Amino acid sequence: MAEFIFKRGMELITYTKWEDVPENLDFDHIIKFVPEIPPEPHTEEEHEELEQWHDRFKTLMEKERARSREKK
């Protein structure tokens, strides 16, 4: 099962579906980023989906860093 945990202040916000994570989610830190990976062999569609996870994580990290700079 997928799990995405974010921290905002002292609150932990958990999602089990990427589709449920709001684009404008206000968070301080990414605590856990574990997408669901389908078992091998992967179809072409699954490969395309898997390739997107790195970019999604990178985008969240950029948001986290920007938020950290705002707090300084």
# chains A, B, ... in the order shown; residues from 1 in each chain; ligands from 1

call {"tool": "select_by_dssp", "arguments": {"residues": "chain A", "states": "strand (DSSP E)", "output": "list of chain:residue names"}}
result
A:Glu3, A:Phe4, A:Ile5, A:Phe6, A:Lys7, A:Arg8, A:Glu11, A:Leu12, A:Ile13, A:Thr14, A:Tyr15, A:His29, A:Ile30, A:Ile31, A:Lys32, A:Phe33, A:Val34

call {"tool": "residues_around", "arguments": {"residues": "Lys7 in chain A", "least_positions_apart": "5", "cutoff": "8 Å", "atoms": "only C-alpha atoms", "output": "list in words"}}
result
Leu12, Ile13, Phe27, Asp28, His29, Ile30 and Ile31 of chain A

call {"tool": "write_last_selection", "arguments": {"atoms": "N, CA and C atoms", "output": "compact mmCIF listing (two decimals), in the first residue's frame"}}
result
# COMPACT_ATOMS: atom_id res chain seq x y z
N LEU A 12 0.66 15.37 11.85
CA LEU A 12 1.05 14.48 10.76
C LEU A 12 -0.18 14.25 9.88
N ILE A 13 -0.01 14.40 8.59
CA ILE A 13 -1.10 14.24 7.63
C ILE A 13 -0.73 13.06 6.74
N PHE A 27 2.53 22.16 3.93
CA PHE A 27 3.26 21.26 4.82
C PHE A 27 4.65 21.82 5.08
N ASP A 28 5.22 21.37 6.20
CA ASP A 28 6.58 21.78 6.56
C ASP A 28 7.62 20.77 6.10
N HIS A 29 7.28 19.48 6.23
CA HIS A 29 8.25 18.42 5.92
C HIS A 29 7.55 17.21 5.32
N ILE A 30 8.28 16.51 4.46
CA ILE A 30 7.84 15.21 3.96
C ILE A 30 8.44 14.19 4.92
N ILE A 31 7.58 13.41 5.54
CA ILE A 31 8.05 12.40 6.49
C ILE A 31 8.23 11.05 5.80

call {"tool": "residues_around", "arguments": {"residues": "Glu3 in chain A", "least_positions_apart": "4", "cutoff": "9 Å", "atoms": "only C-alpha atoms", "output": "list in words"}}
result
Thr14, Tyr15, Thr16, Lys17, Trp18, Lys32, Phe33, Val34, Pro35 and Glu36 of chain A

call {"tool": "residues_around", "arguments": {"residues": "Leu25 in chain A", "least_positions_apart": "4", "cutoff": "10 Å", "atoms": "only C-alpha atoms", "output": "PyMOL selection string"}}
result
chain A and resi 6+8+13+21+60+63

call {"tool": "atom_distance", "arguments": {"atom1": "CA of Arg67 in chain A", "atom2": "CA of Met10 in chain A"}}
result
15.5 Å

call {"tool": "select_by_dssp", "arguments": {"residues": "chain A", "states": "alpha helix (DSSP H)", "output": "number ranges by chain"}}
result
A: 44-71

call {"tool": "atom_distance", "arguments": {"atom1": "CA of Pro22 in chain A", "atom2": "CA of Gly9 in chain A"}}
result
17.5 Å

call {"tool": "atom_distance", "arguments": {"atom1": "CA of Thr59 in chain A", "atom2": "CA of Glu46 in chain A"}}
result
20.5 Å

call {"tool": "decode", "arguments": {"residues": "range 27-72 of chain A", "atoms": "N, CA and C atoms", "output": "JSON list (two decimals), in the first residue's frame"}}
result
[["chain", "number", "residue", "atom", "x", "y", "z"],
["A", 27, "PHE", "N", 2.53, 22.16, 3.93],
["A", 27, "PHE", "CA", 3.26, 21.26, 4.82],
["A", 27, "PHE", "C", 4.65, 21.82, 5.08],
["A", 28, "ASP", "N", 5.22, 21.37, 6.20],
["A", 28, "ASP", "CA", 6.58, 21.78, 6.56],
["A", 28, "ASP", "C", 7.62, 20.77, 6.10],
["A", 29, "HIS", "N", 7.28, 19.48, 6.23],
["A", 29, "HIS", "CA", 8.25, 18.42, 5.92],
["A", 29, "HIS", "C", 7.55, 17.21, 5.32],
["A", 30, "ILE", "N", 8.28, 16.51, 4.46],
["A", 30, "ILE", "CA", 7.84, 15.21, 3.96],
["A", 30, "ILE", "C", 8.44, 14.19, 4.92],
["A", 31, "ILE", "N", 7.58, 13.41, 5.54],
["A", 31, "ILE", "CA", 8.05, 12.40, 6.49],
["A", 31, "ILE", "C", 8.23, 11.05, 5.80],
["A", 32, "LYS", "N", 7.28, 10.71, 4.93],
["A", 32, "LYS", "CA", 7.34, 9.41, 4.26],
["A", 32, "LYS", "C", 6.76, 9.55, 2.85],
["A", 33, "PHE", "N", 7.45, 8.99, 1.89],
["A", 33, "PHE", "CA", 7.01, 9.02, 0.49],
["A", 33, "PHE", "C", 7.23, 7.62, -0.08],
["A", 34, "VAL", "N", 6.17, 6.80, -0.02],
["A", 34, "VAL", "CA", 6.28, 5.42, -0.48],
["A", 34, "VAL", "C", 5.15, 5.13, -1.46],
["A", 35, "PRO", "N", 5.41, 5.29, -2.75],
["A", 35, "PRO", "CA", 4.37, 4.97, -3.74],
["A", 35, "PRO", "C", 4.17, 3.46, -3.85],
["A", 36, "GLU", "N", 3.03, 3.08, -4.34],
["A", 36, "GLU", "CA", 2.76, 1.66, -4.55],
["A", 36, "GLU", "C", 3.37, 1.25, -5.89],
["A", 37, "ILE", "N", 4.24, 0.27, -5.84],
["A", 37, "ILE", "CA", 4.91, -0.22, -7.05],
["A", 37, "ILE", "C", 4.28, -1.56, -7.44],
["A", 38, "PRO", "N", 3.74, -1.65, -8.64],
["A", 38, "PRO", "CA", 3.13, -2.92, -9.06],
["A", 38, "PRO", "C", 4.20, -4.00, -9.24],
["A", 39, "PRO", "N", 3.80, -5.25, -9.07],
["A", 39, "PRO", "CA", 4.78, -6.35, -9.23],
["A", 39, "PRO", "C", 5.23, -6.45, -10.69],
["A", 40, "GLU", "N", 6.45, -6.94, -10.85],
["A", 40, "GLU", "CA", 7.00, -7.16, -12.20],
["A", 40, "GLU", "C", 6.34, -8.38, -12.81],
["A", 41, "PRO", "N", 6.33, -8.51, -14.10],
["A", 41, "PRO", "CA", 6.83, -7.57, -15.10],
["A", 41, "PRO", "C", 5.87, -6.39, -15.26],
["A", 42, "HIS", "N", 6.42, -5.24, -15.58],
["A", 42, "HIS", "CA", 5.62, -4.03, -15.74],
["A", 42, "HIS", "C", 5.20, -3.83, -17.19],
["A", 43, "THR", "N", 3.99, -3.32, -17.32],
["A", 43, "THR", "CA", 3.50, -2.96, -18.65],
["A", 43, "THR", "C", 4.11, -1.60, -19.03],
["A", 44, "GLU", "N", 3.95, -1.21, -20.27],
["A", 44, "GLU", "CA", 4.43, 0.12, -20.71],
["A", 44, "GLU", "C", 3.76, 1.22, -19.90],
["A", 45, "GLU", "N", 2.46, 1.08, -19.64],
["A", 45, "GLU", "CA", 1.73, 2.07, -18.85],
["A", 45, "GLU", "C", 2.28, 2.17, -17.43],
["A", 46, "GLU", "N", 2.60, 1.02, -16.85],
["A", 46, "GLU", "CA", 3.17, 1.01, -15.50],
["A", 46, "GLU", "C", 4.55, 1.67, -15.50],
["A", 47, "HIS", "N", 5.34, 1.42, -16.53],
["A", 47, "HIS", "CA", 6.66, 2.07, -16.63],
["A", 47, "HIS", "C", 6.51, 3.59, -16.70],
["A", 48, "GLU", "N", 5.55, 4.05, -17.46],
["A", 48, "GLU", "CA", 5.32, 5.49, -17.55],
["A", 48, "GLU", "C", 4.92, 6.07, -16.21],
["A", 49, "GLU", "N", 4.07, 5.36, -15.48],
["A", 49, "GLU", "CA", 3.66, 5.80, -14.14],
["A", 49, "GLU", "C", 4.86, 5.80, -13.19],
["A", 50, "LEU", "N", 5.65, 4.75, -13.22],
["A", 50, "LEU", "CA", 6.82, 4.65, -12.32],
["A", 50, "LEU", "C", 7.81, 5.78, -12.57],
["A", 51, "GLU", "N", 7.97, 6.17, -13.82],
["A", 51, "GLU", "CA", 8.90, 7.24, -14.15],
["A", 51, "GLU", "C", 8.47, 8.59, -13.58],
["A", 52, "GLN", "N", 7.21, 8.74, -13.27],
["A", 52, "GLN", "CA", 6.70, 10.01, -12.74],
["A", 52, "GLN", "C", 7.00, 10.19, -11.25],
["A", 53, "TRP", "N", 7.26, 9.12, -10.52],
["A", 53, "TRP", "CA", 7.43, 9.23, -9.07],
["A", 53, "TRP", "C", 8.63, 10.10, -8.68],
["A", 54, "HIS", "N", 9.72, 10.00, -9.41],
["A", 54, "HIS", "CA", 10.89, 10.82, -9.10],
["A", 54, "HIS", "C", 10.57, 12.31, -9.22],
["A", 55, "ASP", "N", 9.88, 12.67, -10.28],
["A", 55, "ASP", "CA", 9.52, 14.08, -10.48],
["A", 55, "ASP", "C", 8.54, 14.57, -9.42],
["A", 56, "ARG", "N", 7.61, 13.72, -9.04],
["A", 56, "ARG", "CA", 6.66, 14.09, -7.98],
["A", 56, "ARG", "C", 7.39, 14.35, -6.67],
["A", 57, "PHE", "N", 8.31, 13.44, -6.33],
["A", 57, "PHE", "CA", 9.06, 13.61, -5.09],
["A", 57, "PHE", "C", 9.92, 14.87, -5.15],
["A", 58, "LYS", "N", 10.56, 15.09, -6.26],
["A", 58, "LYS", "CA", 11.42, 16.27, -6.45],
["A", 58, "LYS", "C", 10.60, 17.56, -6.29],
["A", 59, "THR", "N", 9.40, 17.60, -6.85],
["A", 59, "THR", "CA", 8.54, 18.77, -6.72],
["A", 59, "THR", "C", 8.18, 19.03, -5.25],
["A", 60, "LEU", "N", 7.87, 17.97, -4.53],
["A", 60, "LEU", "CA", 7.56, 18.12, -3.10],
["A", 60, "LEU", "C", 8.77, 18.62, -2.32],
["A", 61, "MET", "N", 9.95, 18.10, -2.65],
["A", 61, "MET", "CA", 11.17, 18.54, -1.96],
["A", 61, "MET", "C", 11.43, 20.02, -2.22],
["A", 62, "GLU", "N", 11.18, 20.47, -3.44],
["A", 62, "GLU", "CA", 11.35, 21.89, -3.76],
["A", 62, "GLU", "C", 10.40, 22.75, -2.93],
["A", 63, "LYS", "N", 9.16, 22.29, -2.77],
["A", 63, "LYS", "CA", 8.19, 23.01, -1.94],
["A", 63, "LYS", "C", 8.65, 23.05, -0.48],
["A", 64, "GLU", "N", 9.18, 21.92, 0.00],
["A", 64, "GLU", "CA", 9.66, 21.85, 1.39],
["A", 64, "GLU", "C", 10.82, 22.83, 1.60],
["A", 65, "ARG", "N", 11.77, 22.84, 0.68],
["A", 65, "ARG", "CA", 12.91, 23.75, 0.80],
["A", 65, "ARG", "C", 12.47, 25.20, 0.76],
["A", 66, "ALA", "N", 11.56, 25.53, -0.14],
["A", 66, "ALA", "CA", 11.06, 26.91, -0.25],
["A", 66, "ALA", "C", 10.38, 27.31, 1.05],
["A", 67, "ARG", "N", 9.62, 26.42, 1.61],
["A", 67, "ARG", "CA", 8.92, 26.71, 2.88],
["A", 67, "ARG", "C", 9.95, 26.93, 4.00],
["A", 68, "SER", "N", 11.00, 26.13, 4.02],
["A", 68, "SER", "CA", 12.04, 26.29, 5.05],
["A", 68, "SER", "C", 12.72, 27.64, 4.94],
["A", 69, "ARG", "N", 12.97, 28.08, 3.71],
["A", 69, "ARG", "CA", 13.61, 29.39, 3.51],
["A", 69, "ARG", "C", 12.68, 30.52, 3.96],
["A", 70, "GLU", "N", 11.37, 30.36, 3.76],
["A", 70, "GLU", "CA", 10.40, 31.38, 4.17],
["A", 70, "GLU", "C", 10.40, 31.58, 5.69],
["A", 71, "LYS", "N", 10.65, 30.49, 6.41],
["A", 71, "LYS", "CA", 10.59, 30.54, 7.88],
["A", 71, "LYS", "C", 11.83, 31.19, 8.50],
["A", 72, "LYS", "N", 12.91, 31.32, 7.74],
["A", 72, "LYS", "CA", 14.16, 31.85, 8.30],
["A", 72, "LYS", "C", 14.08, 33.33, 8.48]]
